$ cat protein.csv   # CSV, C-alpha atoms
chain,number,residue,atom,x,y,z
A,565,MET,CA,0.0,0.0,0.0
A,566,ILE,CA,1.3,3.5,-0.8
A,567,GLU,CA,1.5,5.7,2.2
A,568,SER,CA,0.3,9.2,1.8
A,569,LYS,CA,2.0,12.1,3.5
A,570,PRO,CA,0.1,14.4,5.8
A,571,ARG,CA,-1.4,17.4,3.9
A,572,PRO,CA,-1.4,20.9,5.3
A,573,SER,CA,-4.7,22.4,6.1
A,574,PHE,CA,-6.0,25.2,3.8
A,575,GLN,CA,-5.8,27.5,6.9
A,576,HIS,CA,-2.1,26.8,7.2
A,577,ILE,CA,-1.5,27.2,3.5
A,578,TYR,CA,-3.2,30.6,3.4
A,579,MET,CA,-1.3,31.7,6.6
A,580,HIS,CA,1.9,30.6,4.9
A,581,LEU,CA,0.9,32.8,1.9
A,582,ALA,CA,0.2,35.7,4.3
A,583,HIS,CA,3.7,35.3,5.7
A,584,ALA,CA,5.2,35.2,2.2
A,585,LEU,CA,3.4,38.4,1.3
A,586,SER,CA,4.7,40.1,4.5
A,587,ALA,CA,8.2,39.8,3.0
A,588,ARG,CA,7.1,42.5,0.5
A,589,SER,CA,6.3,44.9,3.3
A,590,THR,CA,8.4,48.1,3.4
A,591,CYS,CA,7.5,49.0,7.0
A,592,SER,CA,10.6,49.2,9.2
A,593,ARG,CA,8.8,48.2,12.4
A,594,LEU,CA,6.5,45.3,11.6
A,595,ASN,CA,6.0,43.2,8.4
A,596,VAL,CA,2.4,42.0,8.0
A,597,GLY,CA,0.6,40.1,5.3
A,598,THR,CA,-3.1,39.5,4.7
A,599,VAL,CA,-5.0,37.0,2.5
A,600,ILE,CA,-8.8,37.1,2.0
A,601,THR,CA,-10.4,33.9,0.7
A,602,SER,CA,-13.8,32.4,0.1
A,603,THR,CA,-15.0,30.3,3.0
A,604,ASP,CA,-14.6,27.1,1.0
A,605,TYR,CA,-10.9,28.1,0.5
A,606,ARG,CA,-11.2,27.7,-3.3
A,607,LYS,CA,-10.6,31.3,-4.2
A,608,VAL,CA,-8.2,34.0,-3.1
A,609,LEU,CA,-10.2,37.2,-3.2
A,610,ALA,CA,-7.5,39.7,-2.3
A,611,ILE,CA,-4.1,40.1,-0.8
A,612,GLY,CA,-2.3,42.9,1.0
A,613,TYR,CA,0.9,43.8,2.9
A,614,ASN,CA,1.8,46.9,4.8
A,615,GLY,CA,3.8,49.7,3.2
A,616,ASN,CA,3.5,53.2,1.8
A,617,ALA,CA,0.9,54.1,-0.9
A,618,ALA,CA,1.7,53.2,-4.5
A,619,GLY,CA,4.0,55.7,-6.1
A,620,LEU,CA,5.4,57.0,-2.8
A,621,PRO,CA,8.8,56.1,-1.5
A,622,ASN,CA,9.0,52.5,-0.2
A,623,LYS,CA,9.7,53.5,3.4
A,624,CYS,CA,7.8,54.7,6.5
A,625,ASP,CA,7.0,58.4,6.8
A,626,ARG,CA,7.8,58.4,10.5
A,627,ARG,CA,9.3,56.2,13.2
A,628,GLU,CA,6.3,56.4,15.6
A,629,ALA,CA,4.8,53.0,16.4
A,630,GLY,CA,1.3,52.8,15.1
A,631,ASN,CA,1.7,56.1,13.2
A,632,CYS,CA,4.5,55.4,10.8
A,633,GLY,CA,2.4,56.4,7.8
A,634,CYS,CA,2.2,53.0,6.2
A,635,LEU,CA,-1.0,51.5,5.0
A,636,HIS,CA,-1.8,48.3,7.0
A,637,SER,CA,-1.9,45.0,5.2
A,638,GLU,CA,-5.6,44.5,6.0
A,639,GLU,CA,-6.3,47.9,4.6
A,640,ASN,CA,-4.6,47.1,1.3
A,641,ALA,CA,-6.4,43.8,1.1
A,642,VAL,CA,-9.8,45.5,1.6
A,643,ILE,CA,-8.9,48.0,-1.1
A,644,ASN,CA,-8.0,45.2,-3.4
A,645,CYS,CA,-11.1,43.1,-2.7
A,646,ASP,CA,-13.8,43.6,-5.3
A,647,SER,CA,-16.0,40.7,-4.1
A,648,PRO,CA,-19.6,41.6,-3.2
A,649,ARG,CA,-20.3,42.3,0.4
A,650,ALA,CA,-22.7,39.4,0.6
A,651,MET,CA,-20.0,36.9,-0.4
A,652,GLU,CA,-18.8,35.1,2.8
A,653,LYS,CA,-15.1,35.5,3.5
A,654,HIS,CA,-12.2,34.3,5.7
A,655,VAL,CA,-9.3,36.5,6.4
A,656,PHE,CA,-5.7,35.4,7.2
A,657,VAL,CA,-3.4,37.9,8.8
A,658,THR,CA,0.1,37.3,10.2
A,659,HIS,CA,-0.8,39.5,13.2
A,660,LEU,CA,-4.0,40.3,15.0
A,661,PRO,CA,-5.5,43.3,13.3
A,662,CYS,CA,-5.6,46.7,15.0
A,663,ALA,CA,-9.0,48.2,15.9
A,664,GLN,CA,-9.1,50.4,12.8
A,665,CYS,CA,-8.4,47.4,10.5
A,666,ALA,CA,-11.0,45.4,12.4
A,667,LYS,CA,-13.5,48.1,11.5
A,668,ARG,CA,-12.4,48.0,7.9
A,669,LEU,CA,-12.9,44.2,7.8
A,670,ILE,CA,-16.3,44.7,9.3
A,671,ASN,CA,-17.3,47.2,6.6
A,672,LEU,CA,-15.9,44.9,3.9
A,673,GLY,CA,-19.0,42.7,4.6
A,674,GLY,CA,-19.3,39.0,4.6
A,675,VAL,CA,-16.3,38.3,6.8
A,676,LYS,CA,-17.1,35.2,8.9
A,677,ARG,CA,-13.7,34.4,10.5
A,678,VAL,CA,-10.4,36.1,11.0
A,679,TYR,CA,-7.3,33.9,11.5
A,680,TYR,CA,-4.2,35.4,12.9
A,681,GLU,CA,-0.9,33.9,14.1
A,682,ASN,CA,0.8,36.6,16.2
A,683,GLU,CA,-0.7,38.8,18.9
A,684,TYR,CA,-0.7,42.6,18.3
A,685,ARG,CA,0.3,45.0,21.1
A,686,LEU,CA,-3.3,46.3,21.3
A,687,PRO,CA,-5.9,43.5,21.6
A,688,GLU,CA,-9.2,45.4,21.4
A,689,SER,CA,-10.0,44.3,17.9
A,690,LYS,CA,-11.0,40.8,19.2
A,691,GLU,CA,-13.9,42.3,21.0
A,692,LEU,CA,-14.9,44.5,18.1
A,693,LEU,CA,-14.9,41.6,15.6
A,694,THR,CA,-16.7,39.2,17.9
A,695,SER,CA,-19.3,41.8,18.8
A,696,VAL,CA,-20.6,41.7,15.2
A,697,GLY,CA,-20.4,37.9,14.9
A,698,ILE,CA,-17.0,37.5,13.3
A,699,GLU,CA,-15.1,34.6,14.8
A,700,VAL,CA,-11.4,35.3,15.7
A,701,VAL,CA,-9.1,32.3,15.7
A,702,GLN,CA,-5.4,32.3,16.6
A,703,LEU,CA,-3.8,29.8,14.3
A,704,PRO,CA,-0.6,28.2,15.7
A,705,ARG,CA,2.3,28.1,13.3
A,706,ALA,CA,2.4,24.8,11.4
A,707,THR,CA,5.4,22.7,12.1
$ encode --input "protein.csv" --output "structure tokens"
Amino acid sequence: MIESKPRPSFQHIYMHLAHALSARSTCSRLNVGTVITSTDYRKVLAIGYNGNAAGLPNKCDRREAGNCGCLHSEENAVINCDSPRAMEKHVFVTHLPCAQCAKRLINLGGVKRVYYENEYRLPESKELLTSVGIEVVQLPRAT
């Protein structure tokens, strides 16, 4: 009998993609990547990573934590997502979203679950997301 090797979950595959995207980040403080998928994991709906706006220098505007001037990865993914609000979505982010990005994800519509791997220094987004019925799941790094 042929033995099959264990297959990674779609959740871990998309988190791996989010990490790969974070390598494109130009933020000097924290590199973050985001992937938005359909809930059956068959479609990638949008991607994002943090950095300055297109056409501006690929660097932070300031050194202040939380105010470096970079667009957040979730923000870029929301900008890039042209799927209808009614379409159900899952979001994969290397770090727990900040409160403002949580609000952007809420306004995107259709987000059912947010997966993240690393905690963020400010955790209030968990309460914001869950208050509107979006499940928040910390996904341990695949070995």
$ atom_distance --input "protein.csv" --atom1 "CA of Ser689 in chain A" --atom2 "CA of Lys623 in chain A"
26.1 Å
$ residues_around --input "protein.csv" --residues "Ser637 in chain A" --least-positions-apart "2" --cutoff "10 Å" --atoms "only C-alpha atoms" --output "mmCIF file with C-alpha atoms, keeping the file's coordinate frame"
data_model
loop_
_atom_site.group_PDB
_atom_site.id
_atom_site.type_symbol
_atom_site.label_atom_id
_atom_site.label_comp_id
_atom_site.auth_asym_id
_atom_site.auth_seq_id
_atom_site.Cartn_x
_atom_site.Cartn_y
_atom_site.Cartn_z
ATOM 1 C CA ALA A 582 0.200 35.700 4.300
ATOM 2 C CA LEU A 585 3.400 38.400 1.300
ATOM 3 C CA SER A 586 4.700 40.100 4.500
ATOM 4 C CA SER A 589 6.300 44.900 3.300
ATOM 5 C CA ASN A 595 6.000 43.200 8.400
ATOM 6 C CA VAL A 596 2.400 42.000 8.000
ATOM 7 C CA GLY A 597 0.600 40.100 5.300
ATOM 8 C CA THR A 598 -3.100 39.500 4.700
ATOM 9 C CA VAL A 599 -5.000 37.000 2.500
ATOM 10 C CA ILE A 611 -4.100 40.100 -0.800
ATOM 11 C CA GLY A 612 -2.300 42.900 1.000
ATOM 12 C CA TYR A 613 0.900 43.800 2.900
ATOM 13 C CA ASN A 614 1.800 46.900 4.800
ATOM 14 C CA GLY A 615 3.800 49.700 3.200
ATOM 15 C CA CYS A 634 2.200 53.000 6.200
ATOM 16 C CA LEU A 635 -1.000 51.500 5.000
ATOM 17 C CA GLU A 639 -6.300 47.900 4.600
ATOM 18 C CA ASN A 640 -4.600 47.100 1.300
ATOM 19 C CA ALA A 641 -6.400 43.800 1.100
ATOM 20 C CA VAL A 642 -9.800 45.500 1.600
ATOM 21 C CA ILE A 643 -8.900 48.000 -1.100
ATOM 22 C CA VAL A 657 -3.400 37.900 8.800
ATOM 23 C CA THR A 658 0.100 37.300 10.200
ATOM 24 C CA HIS A 659 -0.800 39.500 13.200
ATOM 25 C CA PRO A 661 -5.500 43.300 13.300
ATOM 26 C CA CYS A 665 -8.400 47.400 10.500
#
$ atom_distance --input "protein.csv" --atom1 "CA of Val678 in chain A" --atom2 "CA of Lys607 in chain A"
15.9 Å
$ closest_residue --input "protein.csv" --among "A:Lys653, A:Cys645, A:Gly633, A:Val608" --to "Leu620 in chain A" --atoms "only C-alpha atoms"
A:Gly633
$ residues_around --input "protein.csv" --residues "Glu699 in chain A" --least-positions-apart "5" --cutoff "10 Å" --atoms "all atoms listed in the file" --output "list in words"
His654, Val675, Lys676, Arg677, Val678, Tyr679, Lys690, Glu691, Leu693 and Thr694 of chain A
